[in-house]
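*Asks:* Below is a structure I'd like to ask you about.
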Amino acid sequence: MRERDAELARLKARVLEGPGDRETGLQRRKGKLTVRERIDLLFDKDSFTEVEPLRRHRARGFGMEGKRPYSDGVVTGWGQVHGRTVFAYAHDFRMFGGALGEAHAQKIHKLMDLAEAAGAPLVGLCDGAGARIQEGVTALAGYGGIFQRNARMSGVVPQISVIMGPCAGGAAYSPALTDFTFMVRDIAQMFITGPDVVEAVTGASVTHAELGGADVHAGVSGVAAFACDDEEECLATVRDLLAFLPSNNRELPPEQLPEDPADRRNDRLLDLVPADPGRAYDMRDVIEEIVDHGDFLEVHAGWATNVICAFARLGGRVAGVVASQPASFAGALDIDASAKAARFVQTCDAFNIPLVTLVDVPGFLPGVEQEHGGIIRHGAKLLYAYCNATVPRVQLILRKAYGGAYIVMDSRSIGADLSYAWPTNEIAVMGAEGAANVIFRREIAAAADPQAVRAERIAEYKRELMHPYYAAERGLVDDVVSPADTRRTLIRSLEMLASKHQPLPSRKHGNPPF
């Protein structure tokens, strides 16, 4: 037994060591960590338990018989993140370029099934060259098994993809099916067809980074929720995100005992937000002032910047914050902002995270490009997501809330549990200037002094329909609150709604406007 035990120890040491110094050196020259170093950064110290470290492929031909490394190019297992169980698989680029074969895929399938059964988050550390060509269709079938499980686990346990190298072709669809995608600048690329194919088909010359780098997907395509400067920062941010998420859809997000008083006044907001609805400000400053310790984690920070989506805590409870951003396009909703916010609302609802919506929106962005691009369909995504959400929902209107955008941003009419407004709120079909031009067009045109009449009618419209208490008088706003009382009001509302239960009608599933 001692001899066998010593033999096992030597074998396990070889597995941990990996393929050798040459391959490890190549990995380091690319500026990348090894798979074991990544695992150590993701999990709490000494908490990782590996599954199938001795697995080897059984492929024949093309020289594969002489290349049968242990683990088959992917490390799988579970460990603790902030003391809670998390499952992870991590490609080892040093073996077959991290390419997926039959045994490789079966290891990932098993791990995904374990994560689903245990009700724990799944993290994929992606650094692979796609399907293993030497194994043919069995490699492609392996991807199909991953995609099927991604879809089945959607909304059941949080799924996070971390791109730390190449992720090309069909491999890119697994991250697209997960809840959050991270990318590391300079070393991560993700695309369906590479630069060579693009140039051959279209004639356009493009680099890997220009085609599918971290900044492209974080700022242009919206595929990546987070772009990080290095792997250490990336994995630390993954840990931060997991701290806001429940383990599964049957649990509530983890609470913390806040040191930040729930009744802390927000007097700074009285000077931070201009009363003039035409003046811009950064809504991030408002969020920072309201939430516990000023700490929040923004999702898709570089994409569709006219709306902010972030996780934060209020009184120790996790909340998803959706907020207009007046510093970008005046906070108007467009195609990308609608899709971004809809996805975030849907994710929060799937994982029992209450929603707080901060509104300062002038409407939907006008233009031929927006209309032809399907702003109606994309705007309906956000409308559908809010209408379908059963988690606690609280709306706060800071300044302007015009037209359909007011309705879409979680108004009382589509199911918000509570709606509050500051005394600077303006809720109307449109701004007073535009409304006066429509309603009094003929009178203004026939007047001896059109400008004076127009100014008078604008003032009349504001006085009659846009004063800060108009919506409150009609029950569409539950209360008009001082900006200084915002934090206390939101925390008390979320505490009251913590036990909310709202069953949906019996159905197989809805049919949202994809």
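For the structure tokens, the naming scheme is as follows: chains receive sequential letters (A, B, ...) according to their order of presentation, residues are indexed from 1 within each chain, and ligands are indexed from 1 in presentation order.
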Tell me which protein, DNA and RNA residues are within 12 Å of Glu233 (chain A), counting only C-alpha atoms, leaving out same-chain ones fewer than 3 positions away, and put them as a tab-separated table (two decimals) with N, CA, C and O atoms, in the first residue's frame.

*Replies:*
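Wrote it out as out_27.tsv, contents follow:
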chain	number	residue	atom	x	y	z
A	38	ARG	N	-4.15	30.51	-12.19
A	38	ARG	CA	-5.48	31.12	-12.32
A	38	ARG	C	-6.45	30.53	-11.30
A	38	ARG	O	-7.23	31.26	-10.68
A	41	LEU	N	-5.89	32.01	-7.92
A	41	LEU	CA	-6.37	33.38	-7.77
A	41	LEU	C	-7.89	33.44	-7.64
A	41	LEU	O	-8.43	34.32	-6.96
A	42	LEU	N	-8.58	32.50	-8.28
A	42	LEU	CA	-10.04	32.53	-8.24
A	42	LEU	C	-10.59	32.06	-6.90
A	42	LEU	O	-11.52	32.67	-6.35
A	162	VAL	N	-14.81	33.68	-18.49
A	162	VAL	CA	-13.65	34.55	-18.40
A	162	VAL	C	-12.72	34.22	-19.56
A	162	VAL	O	-12.16	33.13	-19.63
A	164	MET	N	-9.40	34.44	-21.40
A	164	MET	CA	-8.01	34.72	-21.03
A	164	MET	C	-7.05	34.28	-22.11
A	164	MET	O	-5.89	33.95	-21.85
A	182	PHE	N	-16.18	38.09	-19.01
A	182	PHE	CA	-15.02	38.92	-18.71
A	182	PHE	C	-13.98	38.71	-19.80
A	182	PHE	O	-13.85	37.61	-20.34
A	183	MET	N	-13.21	39.76	-20.11
A	183	MET	CA	-12.10	39.63	-21.05
A	183	MET	C	-10.89	40.39	-20.52
A	183	MET	O	-11.04	41.44	-19.88
A	184	VAL	N	-9.70	39.84	-20.78
A	184	VAL	CA	-8.45	40.47	-20.35
A	184	VAL	C	-7.81	41.15	-21.55
A	184	VAL	O	-7.61	40.53	-22.60
A	185	ARG	N	-7.51	42.43	-21.40
A	185	ARG	CA	-6.91	43.20	-22.49
A	185	ARG	C	-5.57	42.60	-22.92
A	185	ARG	O	-4.83	42.05	-22.10
A	226	PHE	N	-17.28	42.91	-18.77
A	226	PHE	CA	-16.13	43.49	-18.06
A	226	PHE	C	-14.87	43.32	-18.91
A	226	PHE	O	-14.64	42.25	-19.48
A	227	ALA	N	-14.06	44.37	-18.98
A	227	ALA	CA	-12.74	44.32	-19.60
A	227	ALA	C	-11.72	44.73	-18.55
A	227	ALA	O	-11.87	45.80	-17.94
A	228	CYS	N	-10.71	43.90	-18.34
A	228	CYS	CA	-9.74	44.14	-17.27
A	228	CYS	C	-8.34	44.22	-17.84
A	228	CYS	O	-8.03	43.65	-18.89
A	229	ASP	N	-7.46	44.92	-17.14
A	229	ASP	CA	-6.11	45.17	-17.63
A	229	ASP	C	-5.20	43.96	-17.52
A	229	ASP	O	-4.27	43.80	-18.30
A	230	ASP	N	-5.43	43.11	-16.53
A	230	ASP	CA	-4.59	41.92	-16.37
A	230	ASP	C	-5.40	40.81	-15.71
A	230	ASP	O	-6.53	41.01	-15.27
A	236	ALA	N	-9.98	38.94	-9.60
A	236	ALA	CA	-10.45	39.64	-8.40
A	236	ALA	C	-11.85	40.21	-8.63
A	236	ALA	O	-12.70	40.19	-7.73
A	237	THR	N	-12.10	40.71	-9.85
A	237	THR	CA	-13.42	41.25	-10.17
A	237	THR	C	-14.46	40.14	-10.26
A	237	THR	O	-15.62	40.33	-9.88
A	238	VAL	N	-14.07	38.97	-10.75
A	238	VAL	CA	-14.98	37.82	-10.75
A	238	VAL	C	-15.40	37.48	-9.33
A	238	VAL	O	-16.58	37.24	-9.04
A	239	ARG	N	-14.45	37.51	-8.42
A	239	ARG	CA	-14.76	37.26	-7.01
A	239	ARG	C	-15.70	38.32	-6.47
A	239	ARG	O	-16.63	38.02	-5.71
A	240	ASP	N	-15.47	39.59	-6.85
A	240	ASP	CA	-16.36	40.67	-6.41
A	240	ASP	C	-17.79	40.44	-6.91
A	240	ASP	O	-18.76	40.64	-6.18

*Asks:* Identify, with DSSP run on backbone atoms, the residues in region 227-290 of chain A assigned to alpha helix (DSSP H), and express the list as a compact mmCIF listing (two decimals) with C-alpha atoms, in the first residue's frame.

*Replies:*
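What ended up in selection-v2.txt:
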# COMPACT_ATOMS: atom_id res chain seq x y z
CA GLU A 231 -5.53 38.47 -15.14
CA GLU A 232 -5.11 39.32 -11.46
CA GLU A 233 -7.56 42.23 -11.73
CA CYS A 234 -9.92 40.11 -13.79
CA LEU A 235 -10.15 37.23 -11.34
CA ALA A 236 -10.45 39.64 -8.40
CA THR A 237 -13.42 41.25 -10.17
CA VAL A 238 -14.98 37.82 -10.75
CA ARG A 239 -14.76 37.26 -7.01
CA ASP A 240 -16.36 40.67 -6.41
CA LEU A 241 -19.22 39.81 -8.74
CA LEU A 242 -19.84 36.44 -7.07
CA ALA A 243 -20.19 38.25 -3.74
CA PHE A 244 -23.32 39.97 -5.11
CA LEU A 269 -27.34 65.37 -3.44
CA LEU A 270 -28.96 68.77 -2.90
CA ASP A 271 -25.95 70.36 -4.64
CA LEU A 272 -24.82 67.46 -6.83
CA MET A 283 -25.29 59.63 -12.25
CA ARG A 284 -22.45 57.51 -10.85
CA ASP A 285 -21.95 60.22 -8.24
CA VAL A 286 -25.59 59.85 -7.19
CA ILE A 287 -25.30 56.07 -6.91
CA GLU A 288 -22.08 56.40 -4.92
CA GLU A 289 -23.78 58.75 -2.46
CA ILE A 290 -26.81 56.49 -1.95

*Asks:* Can you list every residue in region 297-510 of chain A that DSSP puts in strand (DSSP E or B), as a VMD selection string?

*Replies:* chain A and resid 297 to 299 307 to 314 317 to 324 333 355 to 361 364 393 to 402 418 to 421 426 to 428 479 to 480

*Asks:* What lies within 8 Å of Val74 (chain A) using only C-alpha atoms, ignoring chain neighbours under 3 positions off, as number ranges by chain?

*Replies:* A: 71, 89-92, 98, 104, 107

*Asks:* If we count only C-alpha atoms, what is near region 422-437 of chain A at a cut-off of 7 Å, once residues fewer than 5 positions away on the same chain are taken out, given as a ChimeraX atom specification?

*Replies:* /A:275,397-403,454,457-458,461-462,466-468,480-483

*Asks:* Could the residues in this selection be written to a file with N, CA, C and O atoms, as a PDB file, in the first residue's frame?

*Replies:*
ATOM      1  N   ALA A 275     -30.869  71.548 -10.714  1.00  0.00           N
ATOM      2  CA  ALA A 275     -32.323  71.615 -10.884  1.00  0.00           C
ATOM      3  C   ALA A 275     -32.697  71.826 -12.342  1.00  0.00           C
ATOM      4  O   ALA A 275     -33.771  71.398 -12.784  1.00  0.00           O
ATOM      5  N   ILE A 397     -37.649  59.030  -9.549  1.00  0.00           N
ATOM      6  CA  ILE A 397     -37.515  59.990 -10.640  1.00  0.00           C
ATOM      7  C   ILE A 397     -36.803  61.230 -10.101  1.00  0.00           C
ATOM      8  O   ILE A 397     -37.319  61.915  -9.215  1.00  0.00           O
ATOM      9  N   LEU A 398     -35.607  61.481 -10.631  1.00  0.00           N
ATOM     10  CA  LEU A 398     -34.811  62.605 -10.143  1.00  0.00           C
ATOM     11  C   LEU A 398     -35.232  63.903 -10.813  1.00  0.00           C
ATOM     12  O   LEU A 398     -35.485  64.902 -10.127  1.00  0.00           O
ATOM     13  N   ARG A 399     -35.283  63.897 -12.129  1.00  0.00           N
ATOM     14  CA  ARG A 399     -35.657  65.116 -12.862  1.00  0.00           C
ATOM     15  C   ARG A 399     -36.655  64.749 -13.954  1.00  0.00           C
ATOM     16  O   ARG A 399     -37.789  64.394 -13.660  1.00  0.00           O
ATOM     17  N   LYS A 400     -36.250  64.780 -15.190  1.00  0.00           N
ATOM     18  CA  LYS A 400     -37.203  64.582 -16.282  1.00  0.00           C
ATOM     19  C   LYS A 400     -37.500  63.104 -16.533  1.00  0.00           C
ATOM     20  O   LYS A 400     -36.641  62.237 -16.367  1.00  0.00           O
ATOM     21  N   ALA A 401     -38.749  62.854 -16.928  1.00  0.00           N
ATOM     22  CA  ALA A 401     -39.181  61.512 -17.312  1.00  0.00           C
ATOM     23  C   ALA A 401     -40.267  61.707 -18.359  1.00  0.00           C
ATOM     24  O   ALA A 401     -41.426  61.932 -18.035  1.00  0.00           O
ATOM     25  N   TYR A 402     -39.856  61.638 -19.628  1.00  0.00           N
ATOM     26  CA  TYR A 402     -40.749  62.019 -20.716  1.00  0.00           C
ATOM     27  C   TYR A 402     -41.164  60.814 -21.562  1.00  0.00           C
ATOM     28  O   TYR A 402     -40.363  59.915 -21.858  1.00  0.00           O
ATOM     29  N   GLY A 403     -42.411  60.849 -21.985  1.00  0.00           N
ATOM     30  CA  GLY A 403     -42.903  59.946 -23.019  1.00  0.00           C
ATOM     31  C   GLY A 403     -42.791  58.475 -22.679  1.00  0.00           C
ATOM     32  O   GLY A 403     -42.870  58.058 -21.513  1.00  0.00           O
ATOM     33  N   ARG A 454     -45.204  82.027 -27.371  1.00  0.00           N
ATOM     34  CA  ARG A 454     -44.628  80.703 -27.151  1.00  0.00           C
ATOM     35  C   ARG A 454     -44.117  80.566 -25.728  1.00  0.00           C
ATOM     36  O   ARG A 454     -44.371  79.557 -25.050  1.00  0.00           O
ATOM     37  N   ARG A 457     -47.030  80.157 -23.358  1.00  0.00           N
ATOM     38  CA  ARG A 457     -47.662  78.843 -23.415  1.00  0.00           C
ATOM     39  C   ARG A 457     -46.772  77.759 -22.806  1.00  0.00           C
ATOM     40  O   ARG A 457     -47.274  76.802 -22.199  1.00  0.00           O
ATOM     41  N   ILE A 458     -45.470  77.903 -22.960  1.00  0.00           N
ATOM     42  CA  ILE A 458     -44.555  76.967 -22.308  1.00  0.00           C
ATOM     43  C   ILE A 458     -44.710  77.042 -20.796  1.00  0.00           C
ATOM     44  O   ILE A 458     -44.816  76.020 -20.101  1.00  0.00           O
ATOM     45  N   TYR A 461     -47.963  75.387 -19.761  1.00  0.00           N
ATOM     46  CA  TYR A 461     -47.908  73.928 -19.784  1.00  0.00           C
ATOM     47  C   TYR A 461     -47.153  73.391 -18.562  1.00  0.00           C
ATOM     48  O   TYR A 461     -47.575  72.425 -17.918  1.00  0.00           O
ATOM     49  N   LYS A 462     -46.039  74.034 -18.239  1.00  0.00           N
ATOM     50  CA  LYS A 462     -45.278  73.617 -17.057  1.00  0.00           C
ATOM     51  C   LYS A 462     -46.104  73.786 -15.788  1.00  0.00           C
ATOM     52  O   LYS A 462     -46.110  72.922 -14.902  1.00  0.00           O
ATOM     53  N   MET A 466     -46.711  69.943 -15.525  1.00  0.00           N
ATOM     54  CA  MET A 466     -45.354  69.483 -15.235  1.00  0.00           C
ATOM     55  C   MET A 466     -44.839  69.920 -13.878  1.00  0.00           C
ATOM     56  O   MET A 466     -43.652  69.823 -13.610  1.00  0.00           O
ATOM     57  N   HIS A 467     -45.717  70.369 -13.007  1.00  0.00           N
ATOM     58  CA  HIS A 467     -45.232  70.713 -11.672  1.00  0.00           C
ATOM     59  C   HIS A 467     -44.906  69.426 -10.915  1.00  0.00           C
ATOM     60  O   HIS A 467     -45.441  68.349 -11.222  1.00  0.00           O
ATOM     61  N   PRO A 468     -44.027  69.475  -9.926  1.00  0.00           N
ATOM     62  CA  PRO A 468     -43.494  68.245  -9.316  1.00  0.00           C
ATOM     63  C   PRO A 468     -44.511  67.397  -8.561  1.00  0.00           C
ATOM     64  O   PRO A 468     -44.204  66.271  -8.193  1.00  0.00           O
ATOM     65  N   VAL A 480     -43.290  62.395  -2.926  1.00  0.00           N
ATOM     66  CA  VAL A 480     -42.209  63.284  -3.344  1.00  0.00           C
ATOM     67  C   VAL A 480     -41.297  63.439  -2.145  1.00  0.00           C
ATOM     68  O   VAL A 480     -41.740  63.858  -1.071  1.00  0.00           O
ATOM     69  N   VAL A 481     -40.032  63.059  -2.309  1.00  0.00           N
ATOM     70  CA  VAL A 481     -39.107  63.005  -1.179  1.00  0.00           C
ATOM     71  C   VAL A 481     -37.947  63.961  -1.397  1.00  0.00           C
ATOM     72  O   VAL A 481     -37.579  64.277  -2.530  1.00  0.00           O
ATOM     73  N   SER A 482     -37.380  64.396  -0.309  1.00  0.00           N
ATOM     74  CA  SER A 482     -36.178  65.225  -0.375  1.00  0.00           C
ATOM     75  C   SER A 482     -35.006  64.384  -0.863  1.00  0.00           C
ATOM     76  O   SER A 482     -34.851  63.226  -0.440  1.00  0.00           O
ATOM     77  N   PRO A 483     -34.156  64.922  -1.723  1.00  0.00           N
ATOM     78  CA  PRO A 483     -32.957  64.179  -2.116  1.00  0.00           C
ATOM     79  C   PRO A 483     -32.134  63.714  -0.916  1.00  0.00           C
ATOM     80  O   PRO A 483     -31.526  62.635  -0.960  1.00  0.00           O
TER      81      PRO A 483
END

*Asks:* Find the residue from A:Val361, A:Asp215, A:Ile335, A:Asp292 that sits nearest to Gly373 (chain A); use only C-alpha atoms when measuring.

*Replies:*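 Using only C-alpha atoms, the shortest distance to Gly373 (chain A) belongs to A:Ile335.
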